[in-house]
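Colleague: What follows is structure06.tsv, TSV, C-alpha atoms.
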```tsv
chain	number	residue	atom	x	y	z
N	1	MET	CA	-146.85	62.13	86.71
N	2	THR	CA	-147.33	60.22	83.49
N	3	GLU	CA	-146.97	61.90	80.12
N	4	PRO	CA	-150.18	62.09	78.07
N	5	GLU	CA	-150.43	59.52	75.31
N	6	LYS	CA	-149.42	60.73	71.85
N	7	ARG	CA	-151.53	59.97	68.80
N	8	SER	CA	-150.62	59.10	65.24
N	9	VAL	CA	-152.11	59.80	61.83
N	10	ILE	CA	-151.88	56.70	59.64
N	11	VAL	CA	-152.78	56.64	55.95
N	12	GLU	CA	-152.38	53.49	53.88
N	13	ARG	CA	-152.93	52.89	50.21
N	14	GLU	CA	-152.13	50.58	47.37
N	15	ILE	CA	-149.93	52.17	44.74
N	16	ALA	CA	-149.98	50.66	41.25
N	17	HIS	CA	-146.25	51.21	40.80
N	18	PRO	CA	-143.21	49.22	41.91
N	19	PRO	CA	-141.30	50.20	45.07
N	20	GLU	CA	-138.41	51.59	42.96
N	21	ARG	CA	-140.65	54.21	41.35
N	22	LEU	CA	-142.36	55.12	44.63
N	23	TRP	CA	-139.00	55.36	46.40
N	24	ARG	CA	-137.78	57.90	43.81
N	25	ALA	CA	-140.88	60.04	44.40
N	26	LEU	CA	-140.28	59.92	48.16
N	27	THR	CA	-136.56	60.74	48.00
N	28	GLN	CA	-135.78	62.94	44.98
N	29	PRO	CA	-136.17	66.61	46.00
N	30	HIS	CA	-137.71	67.79	42.72
N	31	LEU	CA	-140.35	65.04	42.91
N	32	VAL	CA	-140.98	65.62	46.64
N	33	ALA	CA	-141.61	69.29	45.76
N	34	GLU	CA	-144.32	68.23	43.30
N	35	TRP	CA	-146.42	66.28	45.79
N	36	LEU	CA	-145.40	67.49	49.26
N	37	MET	CA	-143.51	70.78	49.63
N	38	GLN	CA	-140.45	72.68	48.44
N	39	ASN	CA	-137.43	71.20	50.19
N	40	ASP	CA	-133.69	70.61	50.43
N	41	PHE	CA	-134.10	66.92	51.23
N	42	ALA	CA	-131.41	64.26	50.84
N	43	PRO	CA	-132.00	60.60	51.78
N	44	VAL	CA	-129.07	60.47	54.22
N	45	VAL	CA	-129.47	59.68	57.92
N	46	GLY	CA	-128.68	62.80	59.95
N	47	HIS	CA	-129.35	65.21	57.05
N	48	ARG	CA	-131.24	68.27	58.28
N	49	PHE	CA	-133.63	69.85	55.81
N	50	LYS	CA	-136.57	72.20	55.57
N	51	LEU	CA	-140.00	71.72	54.05
N	52	ARG	CA	-141.59	74.99	52.93
N	53	GLY	CA	-145.37	75.02	52.78
N	54	GLU	CA	-147.41	77.07	50.30
N	55	TRP	CA	-148.97	78.81	53.33
N	56	GLY	CA	-145.54	80.23	54.27
N	57	GLY	CA	-144.81	77.81	57.12
N	58	VAL	CA	-141.44	76.08	57.43
N	59	LEU	CA	-140.92	72.65	58.94
N	60	ASP	CA	-137.54	71.71	60.40
N	61	CYS	CA	-136.74	68.09	59.65
N	62	GLU	CA	-133.98	65.53	60.09
N	63	VAL	CA	-133.66	62.18	58.36
N	64	LEU	CA	-133.81	59.39	60.97
N	65	GLU	CA	-133.95	56.20	58.89
N	66	VAL	CA	-133.26	55.24	55.29
N	67	GLU	CA	-133.72	51.65	54.20
N	68	PRO	CA	-133.90	51.91	50.39
N	69	LEU	CA	-137.14	50.68	48.85
N	70	ARG	CA	-138.54	49.87	52.34
N	71	THR	CA	-138.49	52.60	55.00
N	72	LEU	CA	-137.95	56.34	55.17
N	73	ALA	CA	-138.40	58.30	58.41
N	74	TYR	CA	-137.77	61.89	59.36
N	75	THR	CA	-138.71	64.41	62.00
N	76	TRP	CA	-141.48	66.86	61.14
N	77	ASN	CA	-141.17	69.80	63.50
N	78	PHE	CA	-143.17	73.00	63.33
N	79	ALA	CA	-142.30	75.75	65.80
N	80	ASN	CA	-145.13	77.98	66.94
N	81	ASP	CA	-145.73	80.15	70.00
N	82	ASP	CA	-149.09	78.40	70.50
N	83	PRO	CA	-148.41	74.93	71.99
N	84	ASP	CA	-151.59	73.61	70.36
N	85	PHE	CA	-150.02	74.27	66.96
N	86	ALA	CA	-146.33	73.66	67.65
N	87	LEU	CA	-145.51	70.11	66.67
N	88	GLU	CA	-142.64	67.71	67.13
N	89	SER	CA	-143.43	64.53	65.26
N	90	VAL	CA	-141.93	61.76	63.15
N	91	VAL	CA	-143.15	60.80	59.68
N	92	THR	CA	-142.44	57.22	58.58
N	93	PHE	CA	-143.11	55.79	55.13
N	94	THR	CA	-143.13	52.00	54.86
N	95	LEU	CA	-143.17	50.34	51.43
N	96	THR	CA	-144.21	46.72	50.97
N	97	PRO	CA	-144.11	45.13	47.51
N	98	THR	CA	-147.38	43.58	46.33
N	99	ARG	CA	-148.41	41.61	43.25
N	100	THR	CA	-149.78	44.77	41.66
N	101	GLY	CA	-147.32	47.40	42.92
N	102	THR	CA	-146.62	48.67	46.42
N	103	HIS	CA	-148.51	48.99	49.70
N	104	LEU	CA	-147.62	52.40	51.17
N	105	ARG	CA	-148.10	53.11	54.86
N	106	MET	CA	-147.50	56.64	56.13
N	107	GLU	CA	-147.51	57.34	59.85
N	108	GLN	CA	-147.05	60.72	61.48
N	109	ALA	CA	-146.55	60.12	65.19
N	110	GLY	CA	-146.39	62.59	68.05
N	111	PHE	CA	-149.68	64.52	68.36
N	112	GLY	CA	-150.51	65.50	71.91
N	113	PRO	CA	-154.06	65.24	73.28
N	114	ASN	CA	-154.48	69.05	73.10
N	115	GLN	CA	-153.55	69.14	69.39
N	116	LYS	CA	-156.92	68.16	67.95
N	117	GLN	CA	-156.78	70.78	65.18
N	118	ALA	CA	-153.22	69.84	64.15
N	119	TYR	CA	-154.19	66.15	64.22
N	120	GLY	CA	-157.26	66.74	62.06
N	121	GLY	CA	-155.29	68.95	59.69
N	122	ALA	CA	-152.60	66.31	59.31
N	123	HIS	CA	-155.18	63.61	58.66
N	124	ALA	CA	-156.75	65.65	55.83
N	125	GLY	CA	-153.40	66.98	54.62
N	126	TRP	CA	-151.76	63.58	54.21
N	127	LYS	CA	-154.69	62.31	52.16
N	128	GLN	CA	-154.24	65.30	49.83
N	129	PHE	CA	-150.45	64.86	49.70
N	130	LEU	CA	-150.79	61.18	48.80
N	131	GLU	CA	-153.36	61.99	46.10
N	132	LYS	CA	-150.79	64.37	44.60
N	133	LEU	CA	-148.17	61.62	44.94
N	134	ASP	CA	-150.42	59.32	42.87
N	135	GLN	CA	-150.63	62.04	40.21
N	136	VAL	CA	-146.85	62.51	40.15
N	137	LEU	CA	-146.33	58.75	39.78
N	138	ALA	CA	-148.91	58.51	36.96
N	139	ARG	CA	-147.38	61.47	35.13
N	140	ASN	CA	-143.89	60.02	35.28
N	141	ASP	CA	-144.93	56.76	33.56
```
Please render this file's structure as structure tokens.
Modeller:
Amino acid sequence: MTEPEKRSVIVEREIAHPPERLWRALTQPHLVAEWLMQNDFAPVVGHRFKLRGEWGGVLDCEVLEVEPLRTLAYTWNFANDDPDFALESVVTFTLTPTRTGTHLRMEQAGFGPNQKQAYGGAHAGWKQFLEKLDQVLARND
């Protein structure tokens, strides 16, 4: 029996800041808390950390890849008794320098076919998170 195909949420945007500034916002816990969630993040492969949502949910995460100024990936796992809401996924940020700043690509991979609500929520949620990220970057000019 073949496993159902997993889906990904992908959000891309041009950021009018250099990769160094964007990298800090993606990897410094106090800045991550401003645009994403409260956390105990460290940009070290194998580091396990938690993201604490304003709604009271807690995500269990582990850093999978750190390539400074280029790639950051970590697990994004949410335990729930309802399999349509439980989620084991991987979030990957890819930074590409451009003439005017940085192209940011965020992919959250691992949504099952029965997780339509989680998929839709992630799609909307990441757009909001990245809008907040833009605000954090602009404020820290």
Colleague: I want to know what sits within 9 Å of N:Leu72, based on only C-alpha atoms, with residues of the same chain fewer than 6 positions away left out; could you give that as a list in words?
Modeller: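 What passes the distance filter is Trp23, Leu26, Thr27, Pro43, Val63, Leu64, Glu65, Val66, Val91, Thr92, Phe93, Thr94 and Leu95 of chain N.
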Colleague: Mind writing the picked residues with C-alpha atoms as a PDB file, in the coordinates of the input?
Modeller:
```pdb
ATOM      1  CA  TRP N  23    -139.000  55.360  46.400  1.00  0.00           C
ATOM      2  CA  LEU N  26    -140.280  59.920  48.160  1.00  0.00           C
ATOM      3  CA  THR N  27    -136.560  60.740  48.000  1.00  0.00           C
ATOM      4  CA  PRO N  43    -132.000  60.600  51.780  1.00  0.00           C
ATOM      5  CA  VAL N  63    -133.660  62.180  58.360  1.00  0.00           C
ATOM      6  CA  LEU N  64    -133.810  59.390  60.970  1.00  0.00           C
ATOM      7  CA  GLU N  65    -133.950  56.200  58.890  1.00  0.00           C
ATOM      8  CA  VAL N  66    -133.260  55.240  55.290  1.00  0.00           C
ATOM      9  CA  VAL N  91    -143.150  60.800  59.680  1.00  0.00           C
ATOM     10  CA  THR N  92    -142.440  57.220  58.580  1.00  0.00           C
ATOM     11  CA  PHE N  93    -143.110  55.790  55.130  1.00  0.00           C
ATOM     12  CA  THR N  94    -143.130  52.000  54.860  1.00  0.00           C
ATOM     13  CA  LEU N  95    -143.170  50.340  51.430  1.00  0.00           C
TER      14      LEU N  95
END
```
Colleague: Pick from N:Gln117, N:Gln108, N:Thr96, N:Thr71: nearest to N:Arg7, with only C-alpha atoms counted?
Modeller: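 Answer, going by the shortest atom-to-atom distance: N:Gln108.
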Colleague: Report, in Å to a single decimal, how far apart atom CA of N:Glu34 and atom CA of N:Pro18 are.
Modeller: 19.1 Å
Colleague: My list of candidates is N:His30, N:Trp55, N:Lys116, N:Met37. Which is closest to N:Phe129 when distances are computed with all atoms listed in the file?
Modeller: N:Met37
Colleague: As a VMD selection string, please: the residues near N:Phe78 (cut-off 9 Å, only C-alpha atoms, same-chain neighbours under 3 positions excluded).
Modeller: chain N and resid 57 to 61 85 to 89
Colleague: Could you tell me how far atom CA of N:Gln28 sits from atom CA of N:Asn77, in Å to one decimal place?
Modeller: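 Spanning atom CA of N:Asn77 to atom CA of N:Gln28 is a straight-line distance of 20.5 Å.
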Colleague: Using Å and a single decimal, report how far atom CA of N:His17 sits from atom CA of N:Leu69.
Modeller: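 That distance, rounded to one decimal, is 12.2 Å.
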Colleague: Using all atoms listed in the file, which residue out of N:Glu67, N:Glu12, N:Asp40, N:Glu54 lies closest to N:Glu107?
Modeller: N:Glu12
Colleague: Find the residues near N:His123: any atom within 9 Å, counting only C-alpha atoms, skip ones fewer than 5 places away on the same chain, and give them as an MDAnalysis selection string.
Modeller: chainID N and resid 9:11 118
Colleague: Which one is closest to N:Glu20: N:Asn39, N:Thr102, N:Lys132, N:Arg52? Count only C-alpha atoms.
Modeller: N:Thr102
Colleague: With distances taken over all atoms listed in the file, which residue among N:Leu31, N:His47, N:Ala79, N:Ser8 lies nearest N:Gly110?
Modeller: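 Among the listed residues, N:Ser8 lies closest to N:Gly110.
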Colleague: Taking only C-alpha atoms into account, name the residue in N:Leu51, N:Leu22, N:Ile15, N:Ala109 that is nearest to N:Ala122.
Modeller: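 Checking each of N:Leu51, N:Leu22, N:Ile15, N:Ala109 against N:Ala122, counting only C-alpha atoms, the winner is N:Ala109.
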Colleague: Put a box with edges along x, y and z around all the listed atoms of stretch 34-41 of chain N, pad it by 3 Å on each side, then give me its centre and sizes in Å, one decimal, as JSON.
Modeller:
```
{"center_x": -140.1, "center_y": 69.5, "center_z": 47.3, "size_x": 18.7, "size_y": 12.4, "size_z": 13.9}
```
